[in-house]
Amino acid sequence: MQTSTVLLILVALAAISFFVGRKRSHLVAVGQGGAYGLHSLPKHYGYMAALWAGLPALLVLILWVGLESRVLTNMVVSQLPAEIQALPESELGLYFNQIVSFAQSGSDALGLSESQVAAAGYYQELLADSRVMKASLVFLVAVIGCLLALQRISPTLRARNHVESIFTWILFACSFIAVLTTLGIVLSVLFEAIRFFHAIPVTDFLFGLQWSPQMAIRIDQVGASGSFGFVPLLVGTLLISTVAMFIAVPVGLMSAIYLSEYATRRFRSLTKPVLEILAGVPTVVYGFFAALTVAPFIRNLGESIGLSVASESALAAGIVMGIMIIPFVMSLSDDIINAVPDSMREASLGMGATMNETIRKVLLPAALPGIVGGILLAVSRAIGETMIVVMAAGLSAKLTINPLEAVTTITVQIVTLLVGDQEFDSPKTLAAFALGLVLFFVTLLLNVIALYVVRKYREQYE
Amino acid sequence: MSSANSYKNTAAIKASLKKRYARERRFQWYGRIAVMTGFVFLFILLADIVGKGLPAFTQQYIKVTLDLDADRLGVAPDASEAELLRADYLGVIRSSLRDMFPEVTDRKEKRQLYRLISIGAEYDLRDAVVDDPGLIGQKFDKWLLAHAEAASYLKGQVSRDLPEGDRKLKNTQMDWLDSLRDRDRTEGRFNTLFFTEGDSREPELAGIKAALYGSFFTLLVTFLLAFPVGVFAAVYLEEFAPRNRLTDLIEININNLAAVPSIVFGLLGLAVFINFFELPRSAPLVGGVVLSLMTLPTIIITSRAAIQAVPPSIREAALGVGASKLQTVFHHVLPVSMPGILTGSIIGMAQALGESAPLLMIGMVAFIMDVPGGVTDPATVLPVQVFLWADSPERGFTEKTSGAIMVLMGFLIVMNALAIYLRRRFELK
């Protein structure tokens with residue numbers, strides 16, 4: 001039985017449990033003066049029965065689906081001949097994939113060995129067994145849950161409190177997912193990164209000046225170890241982010257100052273949403289724009305004044321990334337500038353300063369910590385931005401700070417290393433996770449500092 | 001500075017006023033220029049996309065006089081459907097083209113002539129004949145889909161000024177196309193294939209239907225997971241959570257997750273869902289789960305704001321008449337804050353719709369021709385389709401890319417407009 005069918009039947013079982021539970025509460029209340037003799041409303045008894053039937057069964061179903069393929073793999077592999085089990089993990093994986101695709105489609109038995117065909121049969125058998133067992137176990141748990149709930153129903157049972165406390169736990173579980181997500185990110189990235197650092201020393205990674213992971217595809221190639229020096233990626237990332245900041249900070253900051261200090265209300269209410277469209281444009285669109293419009297334009301411009309510009313220059317990616325971040329810088333600075341108390345503006349204006357002097361000598365110094373915090377947040381966005389650089393920046397890791405040359409970034413390398421077929425134990429794939437780890441912690445650090453600065457700044461004026 | 005001194009300074013201040021006012025005006029202009037720069041960037045971006053994308057919505061057809069001779073097709077006049085499906089339609093199209101341009105005899109030139117017509121035309125003709133076998137033996141005019149290169153010449157995108165070696169379309173082909181156009185045998189029509197086909201290697205046959213379905217299934221999973229979980233989490237944090245370390249931890253986590261780069265969620269999806277749980281690759285199910293984890297912080301933060309905005313009097317009234325805490329929240333607080341929650345959720349969904357980086361990690365970049373039928377079929381989504389086409393070297397795909405971007409942006413505009421409408425209505429209350 002398909003998982004979706006099991007799920008539907010489970011929902012139906014829970015619904016039936018609701019009605020049976022409600023009915024049962026009416027029955028036990030007969031001697032107690034009808035429904036008024038019950039502690040809770042009849043529907044609460046129904047909810048209780050439904051929850052008891054549905055929740056544990058749902059958990060069983062999720063666990064089963066989550067672990068099914070792992071267990072099946074292990075069982076099939078343990079049946080394989082010993083010499084095949086002794087193969088390295090990647091070859092064994094390939095061998096096993098052939099078994100699975102044969103078992104599922106039934107075609108293409110030509111290139112398969114006898115033991116593979118046998119294993120495919122065994123796999124199919126196990127799969128059928130697993131489906132039956134899954135469905136029956138889930139339904140059994142549901143029915144037992146329902147019966148247990150029904151048995152407990154009595155006029156004095158505090159069904160409403162019971163149901164509500166279960167619900168509160170469900171609410172808590174939902175909010176705890178955020179913690180689990182962070183934990184999942186840290187663990188999954190850390191785990192693979194540690195495996196990577198077994199193969200490549202941490203110091204080589206952090207301080208190496210050469211990045212060429214493509215070498216490491218096959219063991220017998222020259223330079224098979226590849227080089228995993230992270231510095232060129234960091235420099236490339238920072239270079240593109242710097243270009244982006246040179247666009248986004250002046251434009252964003254000046255727009256925010258103009259809109260909050262000079263513009264009329266009407267102008268402001270018309271302009272702000274339009275500029276915020278820039279924030280809603282998908283990044284893949286910016287990438288397309290950077291790669292097909294901005295990059296050729298910059299290259300032609302450079303050629304016409306006699307400069308040689310790479311067709312995937314850091315400048316093009318940086319400018320477009322800057323455009324993307326303008327609304328981000330703008331709305332953050334807007335918040336910060338608005339948080340400066342009016343008394344400071346009025347004091348300065350009252351002394352005879354012009355608006356411009358007030359802004360430069362009073363508002364900006366007062367808002368500086370907040371603005372710096374906002375810029376840090378923008379930098380963290382730029383560092384983590386993926387699609388623009390994947391489409392418009394280069395692949396070769398060159399250690400340069402010339403924005404006219406092609407550089408590569410951390411995110412570009414993560415994507416190139418992981419898109420397409422991967423072997424899960426080659427340093428090449430694991431390197432992506434090490435890069436992910438660095439990316440996660442760098443952006444986390446920037447965010448924590450930025451939020452701390454912004455909060456400190458806000459407290460100052462509250 | 002004493003007051004006597006400032007009196008003396010008055011003259012100096014007056015003299016400096018002109019300069020200060022000029023600076024003030026200059027500063028204002030900097031501000032205006034900054035705002036204008038933003039506008040100009042937005043305008044260039046949109047104009048570039050629309051300018052490149054509009055031609056994607058027309059498709060060029062060429063009228064060919066087909067001679068559906070049974071011998072040429074290689075079937076008997078009373079052939080069965082199975083035989084008809086195997087007949088030589090390509091040969092008929094080619095010989096009909098030769099008939100229209102009898103002066104073409106050179107083998108190389110012939111091949112160039114054949115390249116005016118899309119390879120999809122063959123199947124189009126096959127379907128027409130299978131539908132109506134009476135066509136066999138007749139000679140009639142039929143509009144056939146033009147090849148992408150020919151189409152881009154007919155749309156005026158390729159100029160003869162370019163050296164012949166630099167373009168795929170040769171001079172002879174351009175001459176034929178010109179003569180076809182002079183004889184009114186070419187026509188541009190609205191491109192329905194773009195919306196009814198999946199991806200293809202041929203630009204003129206490629207469409208976004210598979211990507212649209214993939215996006216739909218992915219967003220469906222995202223919504224089904226992120227909306228209830230996000231709202232429940234917001235309710236818990238606003239209404240039930242005790243002030244303790246655990247709650248602080250949850251709040252810090254939510255704020256940090258909102259700023260984690262999206263690609264890191266892709267790594268999480270790859271390591272946990274694909275490698276550990278061994279869920280299928282390229283499936284909307286996994287994509288939806290990853291995107292829901294990514295949009296969860298947005299939904300939680302906006303829902304919390306909406307719940308906070310509910311006046312305490314509503315809670316107190318409900319509690320006063322004996323409702324439990326849970327009943328208060330679900331019967332009174334949530335319905336009142338629903339417009340705000342929906343606004344936040346729609347904005348989160350719009351983010352998820354435009355997101356592509358995490359989906360690259362979990363293998364949703366495959367070349368998908370078939371429309372996915374469910375959440376576990378291999379699929380791609382609209383932004384990833386844009387990414388794939390943007391990478392293709394054929395010029396025909398450039399306009400397709402822009403066209404797909406226009407469709408994507410159209411959806412985003414509708415979603416954001418809906419969110420703004422809901423917010424406006426909410427504010428009126």
# chains A, B, ... in the order shown; residues from 1 in each chain; ligands from 1
>>> residues_around(residues="Lys170 (chain B)", least_positions_apart="5", cutoff="10 Å", atoms="only C-alpha atoms", output="PDB file with N, CA and C atoms, in the first residue's frame")
ATOM      1  N   GLU B 109      23.408  22.016 -49.326  1.00  0.00           N
ATOM      2  CA  GLU B 109      22.327  23.006 -49.346  1.00  0.00           C
ATOM      3  C   GLU B 109      21.008  22.390 -48.951  1.00  0.00           C
ATOM      4  N   GLN B 112      20.754  22.232 -45.383  1.00  0.00           N
ATOM      5  CA  GLN B 112      20.441  23.554 -44.816  1.00  0.00           C
ATOM      6  C   GLN B 112      18.957  23.874 -44.991  1.00  0.00           C
ATOM      7  N   ALA B 150      15.770  29.734 -37.763  1.00  0.00           N
ATOM      8  CA  ALA B 150      14.980  30.382 -38.804  1.00  0.00           C
ATOM      9  C   ALA B 150      13.997  31.359 -38.185  1.00  0.00           C
ATOM     10  N   ARG B 160      21.804  40.330 -41.328  1.00  0.00           N
ATOM     11  CA  ARG B 160      22.696  39.866 -42.385  1.00  0.00           C
ATOM     12  C   ARG B 160      24.065  40.531 -42.296  1.00  0.00           C
ATOM     13  N   PRO B 163      29.085  38.759 -40.070  1.00  0.00           N
ATOM     14  CA  PRO B 163      29.788  37.858 -41.001  1.00  0.00           C
ATOM     15  C   PRO B 163      29.152  36.470 -40.982  1.00  0.00           C
ATOM     16  N   GLU B 164      29.064  35.840 -42.133  1.00  0.00           N
ATOM     17  CA  GLU B 164      28.328  34.573 -42.246  1.00  0.00           C
ATOM     18  C   GLU B 164      28.884  33.511 -41.305  1.00  0.00           C
ATOM     19  N   GLY B 165      30.213  33.546 -41.096  1.00  0.00           N
ATOM     20  CA  GLY B 165      30.808  32.527 -40.238  1.00  0.00           C
ATOM     21  C   GLY B 165      30.389  32.644 -38.791  1.00  0.00           C
ATOM     22  N   ASP B 175      17.973  33.760 -47.743  1.00  0.00           N
ATOM     23  CA  ASP B 175      17.304  34.033 -49.012  1.00  0.00           C
ATOM     24  C   ASP B 175      16.004  33.244 -49.116  1.00  0.00           C
TER      25      ASP B 175
END
>>> interface_residues(of="chain A", to="chain B", cutoff="6 Å", atoms="only C-alpha atoms", output="MDAnalysis selection string")
chainID A and resid 66 171 174:175 178:179 185 188 251 254:255 258 282 356 384
>>> write_last_selection(atoms="N, CA and C atoms", output="tab-separated table (two decimals), in the first residue's frame")
chain	number	residue	atom	x	y	z
A	66	GLY	N	10.84	6.94	7.02
A	66	GLY	CA	12.17	7.53	7.06
A	66	GLY	C	13.27	6.49	7.05
A	171	LEU	N	2.03	22.39	19.94
A	171	LEU	CA	2.47	23.75	19.65
A	171	LEU	C	3.94	23.91	19.99
A	174	CYS	N	6.13	22.32	17.43
A	174	CYS	CA	6.26	23.13	16.21
A	174	CYS	C	7.32	24.19	16.37
A	175	SER	N	7.33	24.86	17.54
A	175	SER	CA	8.33	25.93	17.67
A	175	SER	C	9.72	25.34	17.90
A	178	ALA	N	12.50	24.89	14.95
A	178	ALA	CA	13.55	25.86	14.63
A	178	ALA	C	14.88	25.40	15.22
A	179	VAL	N	14.83	24.94	16.48
A	179	VAL	CA	16.06	24.48	17.12
A	179	VAL	C	16.59	23.24	16.41
A	185	ILE	N	21.39	21.53	10.64
A	185	ILE	CA	22.37	22.20	9.78
A	185	ILE	C	23.76	22.00	10.35
A	188	SER	N	24.85	18.18	10.25
A	188	SER	CA	25.10	17.59	8.92
A	188	SER	C	26.34	18.20	8.29
A	251	VAL	N	24.00	54.23	-2.50
A	251	VAL	CA	22.66	54.42	-3.06
A	251	VAL	C	21.61	54.16	-2.00
A	254	MET	N	21.83	56.93	0.92
A	254	MET	CA	21.37	58.26	0.50
A	254	MET	C	19.87	58.24	0.22
A	255	SER	N	19.38	57.14	-0.39
A	255	SER	CA	17.93	57.07	-0.64
A	255	SER	C	17.19	57.11	0.68
A	258	TYR	N	17.28	60.61	2.07
A	258	TYR	CA	16.42	61.51	1.31
A	258	TYR	C	14.96	61.22	1.61
A	282	PRO	N	13.50	37.51	-7.96
A	282	PRO	CA	14.26	36.30	-7.64
A	282	PRO	C	15.73	36.45	-8.03
A	356	ASN	N	21.22	69.62	5.97
A	356	ASN	CA	22.37	68.83	5.55
A	356	ASN	C	23.41	68.74	6.67
A	384	GLY	N	26.50	35.16	1.34
A	384	GLY	CA	25.73	33.93	1.19
A	384	GLY	C	24.96	33.86	-0.11
>>> closest_atom_pairs(of="region 170-259 of chain A", to="region 370-380 of chain A", cutoff="9 Å", atoms="only C-alpha atoms", output="JSON lines")
{"residue": "A:Leu238", "atom": "CA", "partner": "A:Val379", "partner_atom": "CA", "distance": 9.0}
{"residue": "A:Ser241", "atom": "CA", "partner": "A:Val379", "partner_atom": "CA", "distance": 6.6}
{"residue": "A:Thr242", "atom": "CA", "partner": "A:Val379", "partner_atom": "CA", "distance": 8.3}
{"residue": "A:Ala244", "atom": "CA", "partner": "A:Val379", "partner_atom": "CA", "distance": 8.7}
{"residue": "A:Met245", "atom": "CA", "partner": "A:Val379", "partner_atom": "CA", "distance": 7.4}
{"residue": "A:Ala248", "atom": "CA", "partner": "A:Ala378", "partner_atom": "CA", "distance": 8.8}
{"residue": "A:Val249", "atom": "CA", "partner": "A:Ile375", "partner_atom": "CA", "distance": 7.4}
{"residue": "A:Leu253", "atom": "CA", "partner": "A:Ile371", "partner_atom": "CA", "distance": 8.7}
>>> write_last_selection(atoms="N, CA and C atoms", output="CSV table (one decimal), in the first residue's frame")
chain,number,residue,atom,x,y,z
A,238,LEU,N,35.0,38.1,-0.9
A,238,LEU,CA,35.1,39.4,-0.4
A,238,LEU,C,35.2,40.5,-1.5
A,241,SER,N,31.7,40.9,-2.8
A,241,SER,CA,30.9,41.6,-1.8
A,241,SER,C,31.3,43.1,-1.7
A,242,THR,N,32.6,43.4,-1.8
A,242,THR,CA,33.0,44.8,-1.7
A,242,THR,C,32.5,45.6,-2.8
A,244,ALA,N,29.8,45.0,-4.4
A,244,ALA,CA,28.4,45.1,-4.2
A,244,ALA,C,28.1,46.2,-3.1
A,245,MET,N,28.9,46.3,-2.1
A,245,MET,CA,28.8,47.3,-1.1
A,245,MET,C,29.0,48.7,-1.6
A,248,ALA,N,25.7,49.3,-3.2
A,248,ALA,CA,24.5,49.3,-2.4
A,248,ALA,C,24.5,50.3,-1.2
A,249,VAL,N,25.7,50.6,-0.6
A,249,VAL,CA,25.7,51.4,0.6
A,249,VAL,C,25.4,52.9,0.2
A,253,LEU,N,21.9,54.1,1.3
A,253,LEU,CA,21.9,55.1,2.5
A,253,LEU,C,21.4,56.4,2.1
>>> closest_residue(among="B:Ser292, B:Asn9, B:Thr58, B:Ser313", to="Leu193 (chain B)", atoms="only C-alpha atoms")
B:Thr58
>>> select_by_dssp(residues="region 242-435 of chain A", states="alpha helix (DSSP H)", output="PyMOL selection string")
chain A and resi 242-257+265-280+283-289+295-304+314-339+342-350+355-358+364-384+387-392+410-418+427-435
>>> residues_around(residues="region 29-32 of chain A", least_positions_apart="6", cutoff="9 Å", atoms="only C-alpha atoms", output="list of chain:residue names")
A:Leu38, A:Ser154, A:Pro155
>>> write_last_selection(atoms="N, CA and C atoms", output="compact mmCIF listing (two decimals), in the first residue's frame")
# COMPACT_ATOMS: atom_id res chain seq x y z
N LEU A 38 -21.06 15.17 32.46
CA LEU A 38 -19.67 14.94 32.06
C LEU A 38 -18.79 16.10 32.52
N SER A 154 -14.80 8.23 31.00
CA SER A 154 -15.77 8.12 32.07
C SER A 154 -16.23 9.53 32.40
N PRO A 155 -17.32 9.72 33.08
CA PRO A 155 -17.83 11.08 33.34
C PRO A 155 -16.81 11.95 34.07
>>> residues_around(residues="Ala119 (chain A)", least_positions_apart="6", cutoff="8 Å", atoms="only C-alpha atoms", output="list in words")
Val76, Gln79, Leu80 and Ile99 of chain A
>>> residues_around(residues="Met369 (chain B)", least_positions_apart="2", cutoff="8 Å", atoms="only C-alpha atoms", output="PDB file with N, CA and C atoms, in the first residue's frame")
ATOM      1  N   GLU B 197       4.145  22.435 -23.097  1.00  0.00           N
ATOM      2  CA  GLU B 197       5.214  21.437 -23.244  1.00  0.00           C
ATOM      3  C   GLU B 197       6.179  21.493 -22.075  1.00  0.00           C
ATOM      4  N   GLY B 198       6.911  20.388 -21.891  1.00  0.00           N
ATOM      5  CA  GLY B 198       7.993  20.382 -20.917  1.00  0.00           C
ATOM      6  C   GLY B 198       9.271  20.880 -21.563  1.00  0.00           C
ATOM      7  N   ASP B 199      10.367  20.653 -20.887  1.00  0.00           N
ATOM      8  CA  ASP B 199      11.650  21.103 -21.405  1.00  0.00           C
ATOM      9  C   ASP B 199      11.998  20.302 -22.669  1.00  0.00           C
ATOM     10  N   SER B 200      12.844  20.875 -23.504  1.00  0.00           N
ATOM     11  CA  SER B 200      13.275  20.188 -24.711  1.00  0.00           C
ATOM     12  C   SER B 200      14.658  20.677 -25.065  1.00  0.00           C
ATOM     13  N   ALA B 210       6.198  21.623 -17.432  1.00  0.00           N
ATOM     14  CA  ALA B 210       6.747  20.723 -16.406  1.00  0.00           C
ATOM     15  C   ALA B 210       7.257  21.526 -15.221  1.00  0.00           C
ATOM     16  N   PHE B 367      17.260  17.471 -16.333  1.00  0.00           N
ATOM     17  CA  PHE B 367      16.540  17.809 -17.553  1.00  0.00           C
ATOM     18  C   PHE B 367      15.227  17.037 -17.544  1.00  0.00           C
ATOM     19  N   VAL B 371       5.812  16.042 -17.448  1.00  0.00           N
ATOM     20  CA  VAL B 371       5.149  16.784 -16.392  1.00  0.00           C
ATOM     21  C   VAL B 371       5.045  15.879 -15.168  1.00  0.00           C
TER      22      VAL B 371
END
>>> residues_around(residues="Pro42 (chain A)", least_positions_apart="6", cutoff="7 Å", atoms="only C-alpha atoms", output="list in words")
Arg22, Ser25, His26 and Ala35 of chain A
>>> residues_around(residues="Ala199 (chain A)", least_positions_apart="6", cutoff="10 Å", atoms="only C-alpha atoms", output="PDB file with C-alpha atoms, in the first residue's frame")
ATOM      1  CA  SER A 225      44.986  14.727  -4.073  1.00  0.00           C
ATOM      2  CA  SER A 426      35.528  11.733  -2.121  1.00  0.00           C
ATOM      3  CA  PRO A 427      37.220  14.796  -0.643  1.00  0.00           C
ATOM      4  CA  LEU A 430      33.098  16.623   1.300  1.00  0.00           C
ATOM      5  CA  ALA A 431      34.915  19.885   0.543  1.00  0.00           C
TER       6      ALA A 431
END
>>> atom_distance(atom1="CA of Leu73 (chain B)", atom2="CA of Gly91 (chain B)")
7.3 Å
